[in-house]
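Printed here is run-v8.cif (mmCIF, C-alpha atoms and all ligand atoms):
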```cif
data_data
#
loop_
_atom_site.label_atom_id
_atom_site.label_comp_id
_atom_site.auth_asym_id
_atom_site.auth_seq_id
_atom_site.Cartn_x
_atom_site.Cartn_y
_atom_site.Cartn_z
CA MET A 420 -33.57 24.42 1.44
CA GLU A 421 -35.29 27.80 1.53
CA LYS A 422 -34.35 30.26 -1.24
CA ILE A 423 -33.35 33.87 -0.67
CA ASN A 424 -35.07 36.22 -3.10
CA LYS A 425 -34.97 39.86 -4.10
CA SER A 426 -37.48 40.90 -1.42
CA ILE A 427 -34.71 40.55 1.18
CA LEU A 428 -33.04 43.69 -0.21
CA SER A 429 -35.85 46.16 0.47
CA LYS A 430 -36.48 44.43 3.79
CA VAL A 431 -32.92 45.04 5.01
CA ILE A 432 -31.64 48.17 3.23
CA LYS A 433 -32.93 51.24 5.07
CA ALA A 434 -33.21 54.82 3.89
CA ARG A 435 -30.89 57.00 5.94
CA ASN A 436 -32.11 59.19 8.76
CA PRO A 437 -31.50 62.81 7.70
CA GLU A 438 -29.99 63.59 11.13
CA SER A 439 -27.51 60.70 11.08
CA TYR A 440 -23.71 60.86 10.88
CA LYS A 441 -20.91 58.43 9.97
CA GLY A 442 -20.80 57.02 13.52
CA ASN A 443 -24.26 55.55 12.94
CA TYR A 444 -23.13 53.36 10.06
CA GLY A 445 -20.58 51.05 11.56
CA ARG A 446 -16.90 51.03 12.41
CA ILE A 447 -15.31 48.40 10.23
CA LEU A 448 -11.84 46.94 10.59
CA ILE A 449 -10.42 44.95 7.67
CA ILE A 450 -7.33 42.89 8.54
CA ALA A 451 -6.05 41.89 5.14
CA GLY A 452 -3.29 41.90 2.55
CA SER A 453 0.34 40.82 2.35
CA LEU A 454 3.09 41.36 -0.23
CA PRO A 455 1.61 39.10 -2.94
CA PHE A 456 -2.06 39.75 -2.10
CA GLY A 457 -2.51 43.52 -1.70
CA GLY A 458 -5.45 43.50 -4.10
CA ALA A 459 -7.56 41.34 -1.79
CA ALA A 460 -7.29 43.99 0.94
CA ILE A 461 -8.16 46.78 -1.49
CA LEU A 462 -11.24 44.96 -2.84
CA SER A 463 -12.58 44.06 0.60
CA THR A 464 -12.05 47.62 1.85
CA SER A 465 -13.44 49.24 -1.26
CA ALA A 466 -16.56 47.04 -1.08
CA ALA A 467 -17.15 48.04 2.56
CA VAL A 468 -16.78 51.74 1.70
CA HIS A 469 -19.09 51.49 -1.34
CA THR A 470 -21.69 49.63 0.76
CA GLY A 471 -21.90 52.68 3.02
CA ALA A 472 -19.86 51.68 6.07
CA GLY A 473 -19.42 54.79 8.23
CA LEU A 474 -15.73 54.42 9.07
CA VAL A 475 -13.41 51.84 7.57
CA THR A 476 -9.90 51.07 8.80
CA VAL A 477 -7.50 48.61 7.18
CA LEU A 478 -4.81 46.83 9.15
CA THR A 479 -2.24 45.75 6.60
CA ILE A 480 1.48 45.93 5.83
CA PRO A 481 2.98 49.43 5.41
CA GLU A 482 4.32 48.44 1.98
CA LYS A 483 0.70 48.51 0.78
CA PHE A 484 -0.36 51.82 2.36
CA THR A 485 0.25 53.91 -0.77
CA ALA A 486 -1.66 51.50 -2.99
CA MET A 487 -4.47 51.31 -0.45
CA ASN A 488 -4.73 55.08 0.04
CA THR A 489 -4.68 55.63 -3.71
CA ALA A 490 -7.34 53.00 -4.44
CA VAL A 491 -9.58 53.76 -1.44
CA PRO A 492 -8.84 57.21 0.02
CA GLU A 493 -11.93 56.95 2.26
CA ALA A 494 -10.28 54.22 4.38
CA MET A 495 -7.67 54.66 7.12
CA THR A 496 -4.53 52.51 7.20
CA LEU A 497 -2.76 50.95 10.18
CA ASP A 498 0.24 48.61 10.41
CA TYR A 499 -0.54 45.07 11.54
CA ASN A 500 3.04 44.63 12.77
CA ASP A 501 2.31 47.12 15.55
CA LYS A 502 0.64 44.92 18.19
CA GLU A 503 -0.61 47.81 20.34
CA GLU A 504 -2.18 49.52 17.34
CA MET A 505 -3.76 46.22 16.32
CA ILE A 506 -5.32 45.65 19.75
CA ASP A 507 -6.57 49.23 19.91
CA ALA A 508 -8.21 48.86 16.50
CA ILE A 509 -9.77 45.49 17.42
CA VAL A 510 -11.32 47.03 20.53
CA LYS A 511 -12.61 50.18 18.76
CA ASN A 512 -14.36 48.59 15.79
CA ASN A 513 -17.66 46.69 15.79
CA VAL A 514 -17.25 44.61 12.63
CA ILE A 515 -13.95 42.90 11.82
CA VAL A 516 -13.05 41.17 8.57
CA VAL A 517 -10.01 38.94 8.92
CA GLY A 518 -8.30 36.98 6.19
CA PRO A 519 -8.45 38.28 2.60
CA GLY A 520 -4.96 38.09 1.16
CA LEU A 521 -3.25 37.64 4.54
CA GLY A 522 -1.36 34.57 3.40
CA THR A 523 -0.49 31.64 5.60
CA SER A 524 2.62 32.90 7.42
CA PRO A 525 2.80 32.69 11.25
CA LYS A 526 1.64 36.34 11.31
CA THR A 527 -1.86 35.24 10.32
CA GLU A 528 -2.11 32.86 13.27
CA GLU A 529 -0.94 35.66 15.58
CA ILE A 530 -3.56 38.02 14.12
CA ILE A 531 -6.42 35.53 14.57
CA ASP A 532 -5.30 34.87 18.11
CA THR A 533 -5.16 38.62 18.88
CA VAL A 534 -8.65 39.13 17.44
CA ILE A 535 -10.12 36.27 19.49
CA LYS A 536 -8.51 37.51 22.71
CA ASN A 537 -9.46 41.18 22.34
CA ILE A 538 -12.86 41.51 20.63
CA ASN A 539 -15.84 42.89 22.46
CA PRO A 540 -18.61 40.31 22.90
CA ASP A 541 -20.88 42.30 20.57
CA THR A 542 -18.36 42.57 17.71
CA THR A 543 -19.01 40.64 14.51
CA VAL A 544 -16.05 38.74 13.03
CA ILE A 545 -16.10 37.74 9.36
CA MET A 546 -13.42 35.11 8.68
CA ASP A 547 -12.39 34.47 5.11
CA ALA A 548 -9.63 33.10 2.90
CA SER A 549 -6.20 32.76 4.58
CA ALA A 550 -7.71 33.11 8.06
CA LEU A 551 -9.84 30.02 7.38
CA THR A 552 -6.90 28.09 5.96
CA VAL A 553 -4.75 28.90 9.00
CA ALA A 554 -7.60 28.24 11.46
CA ALA A 555 -7.92 24.79 9.88
CA GLU A 556 -4.16 24.11 9.80
CA LYS A 557 -3.61 25.19 13.39
CA SER A 558 -6.93 23.85 14.74
CA ILE A 559 -7.73 27.28 16.20
CA ASP A 560 -10.71 27.23 18.57
CA LEU A 561 -13.43 29.49 17.13
CA THR A 562 -16.17 28.62 19.61
CA SER A 563 -15.68 31.68 21.83
CA ILE A 564 -16.76 34.20 19.16
CA ASP A 565 -20.47 34.99 19.60
CA LYS A 566 -21.03 36.71 16.25
CA LEU A 567 -18.95 34.84 13.72
CA ILE A 568 -19.44 34.52 9.97
CA LEU A 569 -17.31 32.03 8.03
CA THR A 570 -17.12 32.58 4.26
CA PRO A 571 -15.16 29.67 2.74
CA HIS A 572 -15.18 28.53 -0.85
CA GLN A 573 -15.49 24.75 -1.20
CA GLY A 574 -11.70 24.24 -1.03
CA GLU A 575 -11.43 26.26 2.19
CA TRP A 576 -14.46 24.50 3.66
CA ALA A 577 -12.86 21.14 2.82
CA ARG A 578 -9.81 22.15 4.89
CA LEU A 579 -11.86 23.47 7.78
CA SER A 580 -14.52 20.76 7.91
CA GLY A 581 -12.53 17.75 6.69
CA LEU A 582 -15.30 17.15 4.12
CA ASP A 583 -14.20 16.57 0.53
CA ILE A 584 -16.32 18.52 -1.95
CA PRO A 585 -18.63 15.57 -2.87
CA GLU A 586 -19.22 15.05 0.87
CA GLN A 587 -20.36 18.67 1.38
CA THR A 588 -24.05 17.83 1.70
CA PRO A 589 -26.42 19.98 3.81
CA ASP A 590 -26.49 17.43 6.65
CA ASN A 591 -22.71 17.00 6.70
CA ASN A 592 -22.14 20.76 6.48
CA LEU A 593 -24.48 21.45 9.38
CA SER A 594 -22.90 18.86 11.62
CA ALA A 595 -19.39 20.09 10.76
CA LEU A 596 -20.44 23.67 11.56
CA ASN A 597 -21.94 22.50 14.82
CA ARG A 598 -18.61 20.92 15.73
CA ILE A 599 -16.37 23.81 14.58
CA ALA A 600 -18.40 26.82 15.76
CA PRO A 601 -22.00 26.10 16.75
CA LYS A 602 -22.93 29.79 17.09
CA ALA A 603 -21.45 30.77 13.72
CA VAL A 604 -23.11 31.47 10.39
CA LEU A 605 -21.47 29.65 7.48
CA ILE A 606 -21.67 31.01 3.94
CA LEU A 607 -20.49 28.20 1.70
CA LYS A 608 -19.50 30.00 -1.52
CA LYS A 609 -20.15 28.14 -4.74
CA HIS A 610 -22.51 28.23 -7.69
CA HIS A 611 -25.74 28.95 -5.74
CA SER A 612 -24.09 29.68 -2.41
CA GLU A 613 -25.61 28.33 0.80
CA ILE A 614 -26.02 29.80 4.28
CA TYR A 615 -25.93 27.50 7.31
CA SER A 616 -26.84 28.51 10.85
CA SER A 617 -28.52 26.98 13.87
CA GLU A 618 -31.70 28.85 12.85
CA GLU A 619 -32.00 28.01 9.17
CA VAL A 620 -30.36 26.75 5.98
CA LEU A 621 -30.79 29.08 3.01
CA GLN A 622 -29.61 29.29 -0.59
CA ILE A 623 -29.36 31.82 -3.41
CA ASP A 624 -30.30 30.96 -6.98
CA ASP A 625 -28.51 34.03 -8.29
CA GLY A 626 -24.90 34.36 -9.38
CA ASN A 627 -23.09 33.28 -12.52
CA PRO A 628 -19.79 31.83 -13.77
CA GLY A 629 -18.64 35.32 -14.81
CA MET A 630 -18.00 35.67 -11.07
CA ALA A 631 -15.31 32.98 -11.18
CA THR A 632 -12.47 35.48 -11.05
CA GLY A 633 -9.91 36.39 -8.38
CA GLY A 634 -11.14 38.90 -5.83
CA MET A 635 -14.86 38.10 -6.04
CA GLY A 636 -14.95 36.54 -2.56
CA ASP A 637 -12.80 39.34 -1.10
CA THR A 638 -15.48 41.72 -2.39
CA LEU A 639 -18.23 39.77 -0.62
CA THR A 640 -16.50 40.19 2.76
CA GLY A 641 -16.59 43.99 2.40
CA ILE A 642 -20.27 43.98 1.43
CA LEU A 643 -21.15 41.79 4.43
CA ALA A 644 -19.15 44.05 6.77
CA GLY A 645 -20.84 47.18 5.41
CA PHE A 646 -24.29 45.60 5.75
CA ILE A 647 -23.73 44.46 9.33
CA GLY A 648 -22.21 47.81 10.29
CA GLN A 649 -25.35 49.60 9.09
CA PHE A 650 -28.23 47.16 9.48
CA GLY A 651 -27.06 45.01 12.41
CA PHE A 652 -26.04 41.38 12.78
CA SER A 653 -28.84 39.01 11.74
CA LEU A 654 -29.43 36.17 9.33
CA GLU A 655 -31.53 38.58 7.23
CA THR A 656 -28.71 41.12 6.99
CA ILE A 657 -26.22 38.40 6.03
CA SER A 658 -28.65 36.98 3.44
CA ALA A 659 -29.19 40.43 1.93
CA GLY A 660 -25.44 41.06 1.62
CA LEU A 661 -24.89 37.70 -0.05
CA TYR A 662 -27.85 38.27 -2.35
CA LEU A 663 -26.84 41.79 -3.41
CA HIS A 664 -23.35 40.56 -4.43
CA SER A 665 -24.80 37.99 -6.86
CA TYR A 666 -27.68 40.24 -7.93
CA ILE A 667 -25.32 42.97 -9.15
CA ALA A 668 -23.05 40.33 -10.72
CA ASP A 669 -26.01 39.00 -12.71
CA LYS A 670 -26.86 42.51 -13.96
CA ILE A 671 -23.25 42.99 -15.14
CA ASN A 672 -23.10 39.51 -16.69
CA LYS A 673 -25.98 40.42 -19.03
CA THR A 674 -23.43 42.34 -21.09
CA ASP A 675 -20.02 41.40 -19.64
CA TYR A 676 -18.44 37.98 -20.12
CA VAL A 677 -16.48 38.33 -16.87
CA VAL A 678 -17.71 40.24 -13.83
CA LEU A 679 -14.83 42.34 -12.56
CA PRO A 680 -14.97 42.75 -8.77
CA SER A 681 -14.05 46.44 -9.05
CA LYS A 682 -16.90 47.01 -11.51
CA LEU A 683 -19.34 45.21 -9.20
CA ILE A 684 -18.14 47.40 -6.30
CA SER A 685 -18.68 50.62 -8.29
CA LYS A 686 -22.36 49.70 -8.76
CA ILE A 687 -23.17 48.92 -5.10
CA PRO A 688 -24.33 52.46 -4.12
CA LYS A 689 -26.73 52.66 -7.07
CA TYR A 690 -28.39 49.30 -6.31
CA MET A 691 -28.57 50.02 -2.59
CA MET A 692 -30.40 53.27 -3.36
CA LYS A 693 -32.81 51.37 -5.61
CA PHE A 694 -33.78 49.00 -2.80
CA SER A 695 -33.62 51.40 0.18
CA ASN A 696 -36.94 51.99 1.90
N1 LIG A 701 -5.91 40.11 -5.93
C1 LIG A 701 -5.57 39.45 -4.81
O1 LIG A 701 -4.81 39.92 -3.98
C2 LIG A 701 -6.20 38.13 -4.57
C3 LIG A 701 -5.83 37.43 -3.43
N2 LIG A 701 -6.42 36.26 -3.08
C4 LIG A 701 -5.97 35.65 -1.84
O2 LIG A 701 -5.19 34.55 -2.13
C5 LIG A 701 -5.12 33.70 -0.98
C6 LIG A 701 -5.35 32.28 -1.42
O3 LIG A 701 -6.73 32.09 -1.74
P1 LIG A 701 -7.20 31.15 -2.95
O4 LIG A 701 -8.64 30.94 -2.79
O5 LIG A 701 -6.76 31.76 -4.24
O6 LIG A 701 -6.35 29.84 -2.78
P2 LIG A 701 -6.44 28.61 -1.75
O7 LIG A 701 -6.80 29.02 -0.37
O8 LIG A 701 -5.21 27.83 -1.86
O9 LIG A 701 -7.66 27.76 -2.33
C7 LIG A 701 -7.51 27.15 -3.57
C8 LIG A 701 -7.56 25.64 -3.35
O10 LIG A 701 -8.90 25.28 -3.07
C9 LIG A 701 -9.38 24.42 -4.10
N3 LIG A 701 -10.78 24.75 -4.43
C10 LIG A 701 -11.80 23.91 -4.42
N4 LIG A 701 -12.91 24.52 -4.69
C11 LIG A 701 -12.62 25.79 -4.92
C12 LIG A 701 -13.41 26.91 -5.24
N5 LIG A 701 -14.73 26.85 -5.38
N6 LIG A 701 -12.79 28.10 -5.40
C13 LIG A 701 -11.45 28.19 -5.24
N7 LIG A 701 -10.66 27.14 -4.92
C14 LIG A 701 -11.24 25.94 -4.76
C15 LIG A 701 -8.43 24.62 -5.26
O11 LIG A 701 -8.50 23.45 -6.01
P3 LIG A 701 -7.75 23.33 -7.46
O12 LIG A 701 -8.06 24.61 -8.19
O13 LIG A 701 -6.32 23.18 -7.15
O14 LIG A 701 -8.41 22.14 -8.04
C16 LIG A 701 -7.14 24.88 -4.55
O15 LIG A 701 -6.56 23.65 -4.13
C17 LIG A 701 -6.21 34.22 -0.03
O16 LIG A 701 -5.63 34.99 0.98
C18 LIG A 701 -7.05 35.08 -0.92
O17 LIG A 701 -7.72 36.10 -0.21
C19 LIG A 701 -7.51 35.70 -3.88
O18 LIG A 701 -8.66 36.17 -3.23
C20 LIG A 701 -7.44 36.12 -5.32
C21 LIG A 701 -7.22 37.60 -5.51
N1 LIG A 702 -19.84 29.62 -11.22
C1 LIG A 702 -20.23 30.46 -10.25
N2 LIG A 702 -21.53 30.73 -10.04
C2 LIG A 702 -21.91 31.58 -9.09
N3 LIG A 702 -21.09 32.23 -8.26
C3 LIG A 702 -19.78 31.99 -8.39
C4 LIG A 702 -19.28 31.13 -9.39
N4 LIG A 702 -17.92 31.11 -9.29
C5 LIG A 702 -17.59 31.93 -8.29
N5 LIG A 702 -18.70 32.47 -7.74
C6 LIG A 702 -18.76 33.35 -6.57
O1 LIG A 702 -17.60 34.18 -6.55
C7 LIG A 702 -17.05 34.23 -5.24
C8 LIG A 702 -15.66 33.59 -5.25
O2 LIG A 702 -15.10 33.62 -3.96
P1 LIG A 702 -13.59 33.20 -3.69
O3 LIG A 702 -13.29 31.91 -4.34
O4 LIG A 702 -13.35 33.35 -2.25
O5 LIG A 702 -12.82 34.37 -4.51
P2 LIG A 702 -11.47 35.16 -4.15
O6 LIG A 702 -10.81 34.47 -2.99
O7 LIG A 702 -10.67 35.09 -5.39
O8 LIG A 702 -11.88 36.56 -3.81
C9 LIG A 702 -18.03 33.53 -4.33
O9 LIG A 702 -18.99 34.43 -3.82
C10 LIG A 702 -18.70 32.54 -5.29
O10 LIG A 702 -19.99 32.15 -4.87
MG MG A 703 -11.55 33.83 -1.27
#
```
Do you think you could lay out the structure here as structure tokens?
Ligand SMILES: NC(=O)C1=CN([C@@H]2O[C@H](COP(=O)(O)OP(=O)(O)OC[C@H]3O[C@@H](n4cnc5c(N)ncnc54)[C@H](OP(=O)(O)O)[C@@H]3O)[C@@H](O)[C@H]2O)[C@@H](O)CC1
Ligand SMILES: Nc1ncnc2c1ncn2[C@@H]1O[C@H](COP(=O)(O)OP(=O)(O)O)[C@@H](O)[C@H]1O
Ligand SMILES: [Mg+2]
Amino acid sequence: MEKINKSILSKVIKARNPESYKGNYGRILIIAGSLPFGGAAILSTSAAVHTGAGLVTVLTIPEKFTAMNTAVPEAMTLDYNDKEEMIDAIVKNNVIVVGPGLGTSPKTEEIIDTVIKNINPDTTVIMDASALTVAAEKSIDLTSIDKLILTPHQGEWARLSGLDIPEQTPDNNLSALNRIAPKAVLILKKHHSEIYSSEEVLQIDDGNPGMATGGMGDTLTGILAGFIGQFGFSLETISAGLYLHSYIADKINKTDYVVLPSKLISKIPKYMMKFSN
């Protein structure tokens, strides 16, 4: 399995064109959060904003608007109970994160269905957390999405693939991905996370157990969305986003026993500047 190394960061992260404006850096929609899991939506959104996404909109429940606007004033908030607003937002944005903290109520199935039916063919969809759990439970067909990234942890991948954790070998993972969504990129999150796609299988050697804390995966979704919004959909962009997440976590873990997702997020702009070319 080929390893992803630090060189991917300067390859992917570009210095900004002086004449550019926010519209050049991606329109990101994050569909996330529910009453118990508002933090997941905040972390995903905050990560996308700190990664440099041009315009970030969150579709969530109105009960969480104040918390969201206080934590991330840069992001706009819309109500996911308003179907028309949801469809409008799905059509207008070019990267969509769906899942962090959504929970497994029937609303989540409706949201996934609405995304699948309304996305533009060129839109990237990043499916995480509750969206993966519900897609597995309801056997939702994911094959129609051209640019799809799945980001399960091993428990979520077990539900989606039917593979128990000891059975999650590279060969088994590839054939399960081929069955579930052959065009998709799978990031299997674990110690030394792996990327599976029809092109290549890759792995990071970075990351640490200080990252084993709630919200760390939600943070990754925002970083990936911000990267794709700015640098385009490719295996290299996805690899760089995954790598940066663990790279910053390793820097923090030199002094901090636990790597707080919000601390990691606050350091993203500094490390992106360091590697921009
Ligand atoms: N602040 C917030 O708002 C936060 C909100 N969050 C939101 O919570 C929702 C539920 O997501 P979730 O991941 O917490 O729970 P779930 O989907 O039930 O998976 C757990 C099951 O999988 C198993 N398992 C096996 N391997 C595993 C592994 N490597 N990592 C983790 N689990 C592993 C595990 O096995 P066990 O520990 O029981 O042995 C258990 O059976 C989701 O919407 C998420 O976004 C969180 O992001 C936290 C911060
Ligand atoms: N021991 C570990 N070593 C390396 N990375 C880890 C470790 N534990 C967790 N991580 C990383 O932290 C993130 C956890 O994601 P996830 O379980 O989805 O968190 P949450 O849903 O709470 O946001 C993943 O990117 C995973 O690779
Ligand atoms: Mg998660």
Neighbours of ligand MG 703 (chain A) within 6 Å, counting all atoms listed in the file, as a list in words?
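What falls inside 6 Å of ligand MG 703 (chain A) is Ala548, Gly636 and Asp637 of chain A.
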Can you tell me which residues sit at most 9 Å away from ligand LIG 702 (chain A), counting all atoms listed in the file, written as an MDAnalysis selection string?
chainID A and resid 459 462:463 519:520 547:548 570:575 606:613 624:640 661 664:665 668 680
Need to verify the contact set: region 495-508 of chain A, 6 Å, only C-alpha atoms, exclusion of same-chain residues closer than 3 positions in sequence. Can you return it as a PyMOL selection string?
chain A and resi 476-481+511
Region 431-441 of chain A: which residues within 9 Å, counting all atoms listed in the file, same-chain residues fewer than 6 positions away excluded, as a list of chain:residue names?
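Counting only the stated atoms, we get A:Ala472, A:Gly473, A:Leu474, A:Phe646, A:Gln649, A:Phe650, A:Glu655, A:Thr656, A:Ala659, A:Met691, A:Met692, A:Phe694, A:Ser695, A:Asn696.
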Determine the nearest neighbour of ligand LIG 701 (chain A) from the options A:Leu679, A:Val491, A:Leu567, A:Val510, counting all atoms listed in the file.
A:Leu679
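Distance-wise, atom C16 of ligand LIG 701 (chain A) and CA of Leu654 (chain A) end up 28.6 Å apart.
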Find, counting all atoms listed in the file, the residue in A:Val517, A:Ala644, A:Ala490, A:Ile531 that gets nearest to Ser681 (chain A).
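With all atoms listed in the file as the atom set, the closest residue is A:Ala490.
Rounded to one decimal, CA of Thr523 (chain A) and atom N4 of ligand LIG 701 (chain A) lie 17.6 Å from each other.
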Residues near Lys693 (chain A), cut-off 12 Å, all atoms listed in the file, skip fewer than 3 positions along chain, as a list in words:
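Within the cut-off, the hits are Lys425, Leu428, Ser429, Ile432, Lys433, Ala434, Leu663, Ile667, Lys686, Ile687, Pro688, Lys689, Tyr690 and Asn696 of chain A.
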Expressed in Å, the length from CA of Leu605 (chain A) to CA of Lys526 (chain A) is 24.4 Å
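Each of A:Leu683, A:Val604, A:Ile545, A:Ala451 was compared to ligand LIG 701 (chain A) using only C-alpha atoms and all ligand atoms, and A:Ala451 turns out to be the nearest.
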Smallest atom-to-atom distance to Gly452 (chain A): which of A:Arg598, A:Lys483, A:Lys430, A:Lys422, using all atoms listed in the file?
A:Lys483
Closest of A:Ala554, A:Val544, A:Ile614, A:Leu596 to ligand LIG 701 (chain A) - atom-to-atom distances counting all atoms listed in the file:
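Among the listed residues, the smallest separation from ligand LIG 701 (chain A) belongs to A:Ala554.
Among the candidate residues A:Gly471, A:Ile535, A:Ile584, A:Leu561, the one lying nearest to ligand LIG 701 (chain A) is A:Ile584, with distances computed using all atoms listed in the file.
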Each side padded by 6 Å, which centre and which edge lengths in Å (one decimal) define the axis-aligned box around the listed atoms of ligand LIG 701 (chain A)? Give them as AutoDock Vina command-line options.
```
--center_x -9.8 --center_y 31.1 --center_z -3.6 --size_x 21.9 --size_y 30.0 --size_z 21.2
```
Skip Thr562 (chain A) itself and residues of its chain fewer than 6 positions away, then list as a PDB file with C-alpha atoms, in the coordinates of the input all residues within 10 Å of it, counting only C-alpha atoms.
```pdb
ATOM      1  CA  ILE A 535     -10.120  36.270  19.490  1.00  0.00           C
ATOM      2  CA  ASN A 597     -21.940  22.500  14.820  1.00  0.00           C
ATOM      3  CA  ARG A 598     -18.610  20.920  15.730  1.00  0.00           C
ATOM      4  CA  ILE A 599     -16.370  23.810  14.580  1.00  0.00           C
ATOM      5  CA  ALA A 600     -18.400  26.820  15.760  1.00  0.00           C
ATOM      6  CA  PRO A 601     -22.000  26.100  16.750  1.00  0.00           C
ATOM      7  CA  LYS A 602     -22.930  29.790  17.090  1.00  0.00           C
ATOM      8  CA  ALA A 603     -21.450  30.770  13.720  1.00  0.00           C
TER       9      ALA A 603
END
```
